[in-house]
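Shown next: my_file_20.cif, given as mmCIF, C-alpha atoms.
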data_query
#
loop_
_atom_site.label_atom_id
_atom_site.label_comp_id
_atom_site.auth_asym_id
_atom_site.auth_seq_id
_atom_site.Cartn_x
_atom_site.Cartn_y
_atom_site.Cartn_z
CA MET F 1 -9.18 -15.15 32.77
CA SER F 2 -7.72 -15.16 29.27
CA PHE F 3 -5.15 -12.90 27.72
CA ARG F 4 -5.26 -12.01 24.09
CA HIS F 5 -2.39 -10.37 22.28
CA PRO F 6 -3.52 -7.31 20.35
CA ALA F 7 -2.88 -7.27 16.62
CA GLY F 8 -0.05 -5.05 15.42
CA LEU F 9 2.31 -2.96 17.47
CA PRO F 10 1.10 -1.53 20.77
CA GLY F 11 0.27 2.16 20.54
CA VAL F 12 0.44 2.25 16.75
CA ASP F 13 -2.70 2.58 14.67
CA ALA F 14 -3.04 0.36 11.62
CA PRO F 15 -2.37 2.35 8.46
CA THR F 16 -5.36 3.01 6.28
CA PRO F 17 -3.93 3.55 2.83
CA ASN F 18 -5.59 5.99 0.51
CA ALA F 19 -6.75 4.07 -2.52
CA LEU F 20 -8.50 4.86 -5.77
CA VAL F 21 -9.75 1.80 -7.63
CA LEU F 22 -10.35 1.88 -11.38
CA THR F 23 -12.42 -0.79 -13.07
CA GLY F 24 -13.90 -1.37 -16.50
CA ARG F 25 -12.99 0.69 -19.51
CA VAL F 26 -11.73 4.21 -18.88
CA THR F 27 -12.67 6.73 -21.56
CA ARG F 28 -11.66 10.37 -22.02
CA ALA F 29 -15.10 11.36 -20.73
CA ASP F 30 -14.32 9.59 -17.44
CA VAL F 31 -11.15 11.56 -16.74
CA PRO F 32 -12.72 14.66 -15.10
CA ASP F 33 -14.77 12.45 -12.77
CA LEU F 34 -11.70 10.40 -11.83
CA CYS F 35 -9.80 13.59 -11.04
CA ALA F 36 -12.69 14.81 -8.89
CA ARG F 37 -12.74 11.48 -7.04
CA LEU F 38 -9.02 11.76 -6.34
CA GLU F 39 -9.39 15.37 -5.18
CA ALA F 40 -12.18 14.29 -2.79
CA LEU F 41 -10.07 11.41 -1.51
CA LEU F 42 -7.11 13.71 -0.88
CA SER F 43 -9.21 16.41 0.76
CA GLY F 44 -10.44 13.78 3.22
CA ALA F 45 -6.86 12.78 4.06
CA PRO F 46 -4.89 15.97 4.70
CA GLY F 47 -1.18 15.40 4.94
CA ALA F 48 -1.28 12.21 2.87
CA ALA F 49 2.05 11.54 1.18
CA VAL F 50 0.96 8.64 -1.04
CA VAL F 51 -2.20 7.51 -2.76
CA ASP F 52 -2.50 4.08 -4.37
CA CYS F 53 -4.37 3.67 -7.63
CA ASP F 54 -5.40 0.09 -8.30
CA VAL F 55 -5.80 -0.43 -12.04
CA GLY F 56 -6.08 -4.22 -11.96
CA GLY F 57 -9.74 -4.11 -12.95
CA VAL F 58 -9.38 -2.00 -16.07
CA VAL F 59 -10.08 -3.52 -19.46
CA ARG F 60 -8.42 -2.59 -22.73
CA PRO F 61 -5.71 -0.20 -21.53
CA ASP F 62 -5.31 2.51 -24.15
CA LEU F 63 -4.25 6.14 -24.49
CA ALA F 64 -7.41 7.34 -22.72
CA LEU F 65 -6.26 5.43 -19.64
CA VAL F 66 -2.75 6.84 -20.06
CA GLU F 67 -4.25 10.35 -20.16
CA ALA F 68 -6.18 9.54 -16.99
CA MET F 69 -2.96 8.42 -15.26
CA ALA F 70 -1.18 11.61 -16.32
CA ARG F 71 -4.01 13.82 -15.07
CA LEU F 72 -4.33 11.88 -11.81
CA GLY F 73 -0.59 12.24 -11.29
CA LEU F 74 -0.93 15.98 -11.80
CA VAL F 75 -3.82 16.22 -9.34
CA ALA F 76 -1.78 14.31 -6.76
CA ARG F 77 1.25 16.56 -7.19
CA ARG F 78 -0.84 19.71 -6.96
CA ALA F 79 -2.23 18.43 -3.66
CA GLY F 80 1.07 19.09 -1.96
CA GLY F 81 3.42 16.69 -3.67
CA VAL F 82 1.39 13.54 -3.04
CA GLU F 83 2.87 10.52 -4.80
CA LEU F 84 0.55 8.48 -7.03
CA ARG F 85 1.43 4.77 -6.96
CA LEU F 86 -0.10 2.34 -9.40
CA ARG F 87 -0.68 -1.24 -8.37
CA ASN F 88 -1.85 -4.31 -10.27
CA VAL F 89 -0.76 -2.69 -13.52
CA PRO F 90 -1.50 -4.76 -16.63
CA ALA F 91 1.56 -5.26 -18.84
CA GLU F 92 -0.09 -3.31 -21.67
CA LEU F 93 -0.56 -0.23 -19.46
CA GLY F 94 2.99 -0.45 -18.16
CA ALA F 95 4.28 -0.56 -21.73
CA LEU F 96 2.12 2.42 -22.76
CA LEU F 97 3.28 4.50 -19.79
CA ASP F 98 6.87 3.72 -20.68
CA LEU F 99 6.31 4.46 -24.37
CA VAL F 100 4.88 7.94 -23.74
CA GLY F 101 7.43 8.75 -21.04
CA LEU F 102 5.09 8.90 -18.06
CA THR F 103 7.02 6.59 -15.77
CA ASP F 104 8.46 9.71 -14.08
CA VAL F 105 4.99 11.15 -13.49
CA VAL F 106 3.52 7.94 -12.11
CA ARG F 107 6.19 6.21 -10.07
CA ASN F 108 6.21 2.91 -8.22
CA VAL F 109 4.32 1.02 -10.90
CA ARG F 110 3.58 -2.40 -9.47
CA PRO F 111 2.66 -5.09 -11.99
CA VAL F 112 -0.15 -7.55 -11.55
CA THR F 113 0.79 -10.16 -8.96
CA GLU F 114 0.32 -13.72 -10.08
#

Take the structure I supplied and represent it as structure tokens, if you would.
Amino acid sequence: MSFRHPAGLPGVDAPTPNALVLTGRVTRADVPDLCARLEALLSGAPGAAVVDCDVGGVVRPDLALVEAMARLGLVARRAGGVELRLRNVPAELGALLDLVGLTDVVRNVRPVTE
């Protein structure tokens, strides 16, 4: 007979974070689709307090991407005050968000880990 210790804490389910992953170049034409994807993600996770948006795979961060972040932040807030967290944020995007004053809209910006 062998005994195996279960992973994690007993009686506690592993968290499954809500995540939206952005890759490639984001254009203004992509923004409505991204908002719809976030709305679908949030409708499938009622009561979610946080959604992570991984932007590590985006190329050429520009104002179209900043607009997308602003609109995604708005969608998240309208879904009951859900917090949008960015992770793997390229330095250029972080600087643009700061420049246009969106660091209050999109909080918990986590830079690219090296």

So which one's closest to Leu41 (chain F), F:Leu86, F:Thr103, F:Ala79, F:Leu97? Using all atoms listed in the file, please. F:Ala79

Under the PyMOL selection byres ((chain F and resi 87) around 6), which residues of this model are included? Write them out as a list in words.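 Selected by the PyMOL selection byres ((chain F and resi 87) around 6) here: Asp54, Leu86, Asn88, Val89 and Arg110 of chain F.
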
Find the residue from F:Leu38, F:Val106, F:Val75, F:Leu99 that sits nearest to Leu63 (chain F); use all atoms listed in the file when measuring. F:Leu99

Step by step, work through what the PyMOL selection byres ((chain F and resi 26-28) around 10) selects in the shown file, and finish by giving those residues as a short mmCIF file (atom, residue, chain, number, x, y, z; two decimals) with C-alpha atoms, keeping the file's coordinate frame.
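What landed in out_11.cif:
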data_model
loop_
_atom_site.label_atom_id
_atom_site.label_comp_id
_atom_site.auth_asym_id
_atom_site.auth_seq_id
_atom_site.Cartn_x
_atom_site.Cartn_y
_atom_site.Cartn_z
CA LEU F 22 -10.35 1.88 -11.38
CA THR F 23 -12.42 -0.79 -13.07
CA GLY F 24 -13.90 -1.37 -16.50
CA ARG F 25 -12.99 0.69 -19.51
CA ALA F 29 -15.10 11.36 -20.73
CA ASP F 30 -14.32 9.59 -17.44
CA VAL F 31 -11.15 11.56 -16.74
CA PRO F 32 -12.72 14.66 -15.10
CA ASP F 33 -14.77 12.45 -12.77
CA LEU F 34 -11.70 10.40 -11.83
CA VAL F 58 -9.38 -2.00 -16.07
CA VAL F 59 -10.08 -3.52 -19.46
CA ARG F 60 -8.42 -2.59 -22.73
CA PRO F 61 -5.71 -0.20 -21.53
CA ASP F 62 -5.31 2.51 -24.15
CA LEU F 63 -4.25 6.14 -24.49
CA ALA F 64 -7.41 7.34 -22.72
CA LEU F 65 -6.26 5.43 -19.64
CA VAL F 66 -2.75 6.84 -20.06
CA GLU F 67 -4.25 10.35 -20.16
CA ALA F 68 -6.18 9.54 -16.99
#

Long-range neighbours of Val21 (chain F) as an MDAnalysis selection string, 8 Å cut-off, all atoms listed in the file, 3 positions minimum in chain: chainID F and resid 53:55 57

Output of the above residues as a PDB file, keeping the file's coordinate frame, restricted to C-alpha atoms:
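Ended up saving to selection_21.pdb:
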ATOM      1  CA  CYS F  53      -4.370   3.670  -7.630  1.00  0.00           C
ATOM      2  CA  ASP F  54      -5.400   0.090  -8.300  1.00  0.00           C
ATOM      3  CA  VAL F  55      -5.800  -0.430 -12.040  1.00  0.00           C
ATOM      4  CA  GLY F  57      -9.740  -4.110 -12.950  1.00  0.00           C
TER       5      GLY F  57
END

Just how far from CA of Val82 (chain F) is CA of Ala48 (chain F), in Å to one decimal?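 Pair CA of Ala48 (chain F) / CA of Val82 (chain F) returns 6.6 Å.
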
Kindly give the distance, in Å, that separates CA of Gly94 (chain F) and CA of Asn18 (chain F), rounded to a single decimal.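 Result for CA of Gly94 (chain F) versus CA of Asn18 (chain F): 21.5 Å, one decimal.
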
Just how far from CA of Glu92 (chain F) is CA of Ala49 (chain F), in Å to one decimal? 27.3 Å

Taking only C-alpha atoms into account, which of F:Gly80, F:Gly101, F:Leu96, F:Ala91 comes nearest Ala45 (chain F)?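 Counting only C-alpha atoms, the residue closest to Ala45 (chain F) is F:Gly80.
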
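Distances here use all atoms listed in the file; by that measure, the residue among F:Leu93, F:Ala40, F:Cys35, F:Val51 closest to Gly81 (chain F) is F:Val51.
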
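Using all atoms listed in the file, the smallest distance between any of F:Ala19, F:Ala95, F:Ala36, F:Val100 and Leu72 (chain F) comes from F:Ala36.
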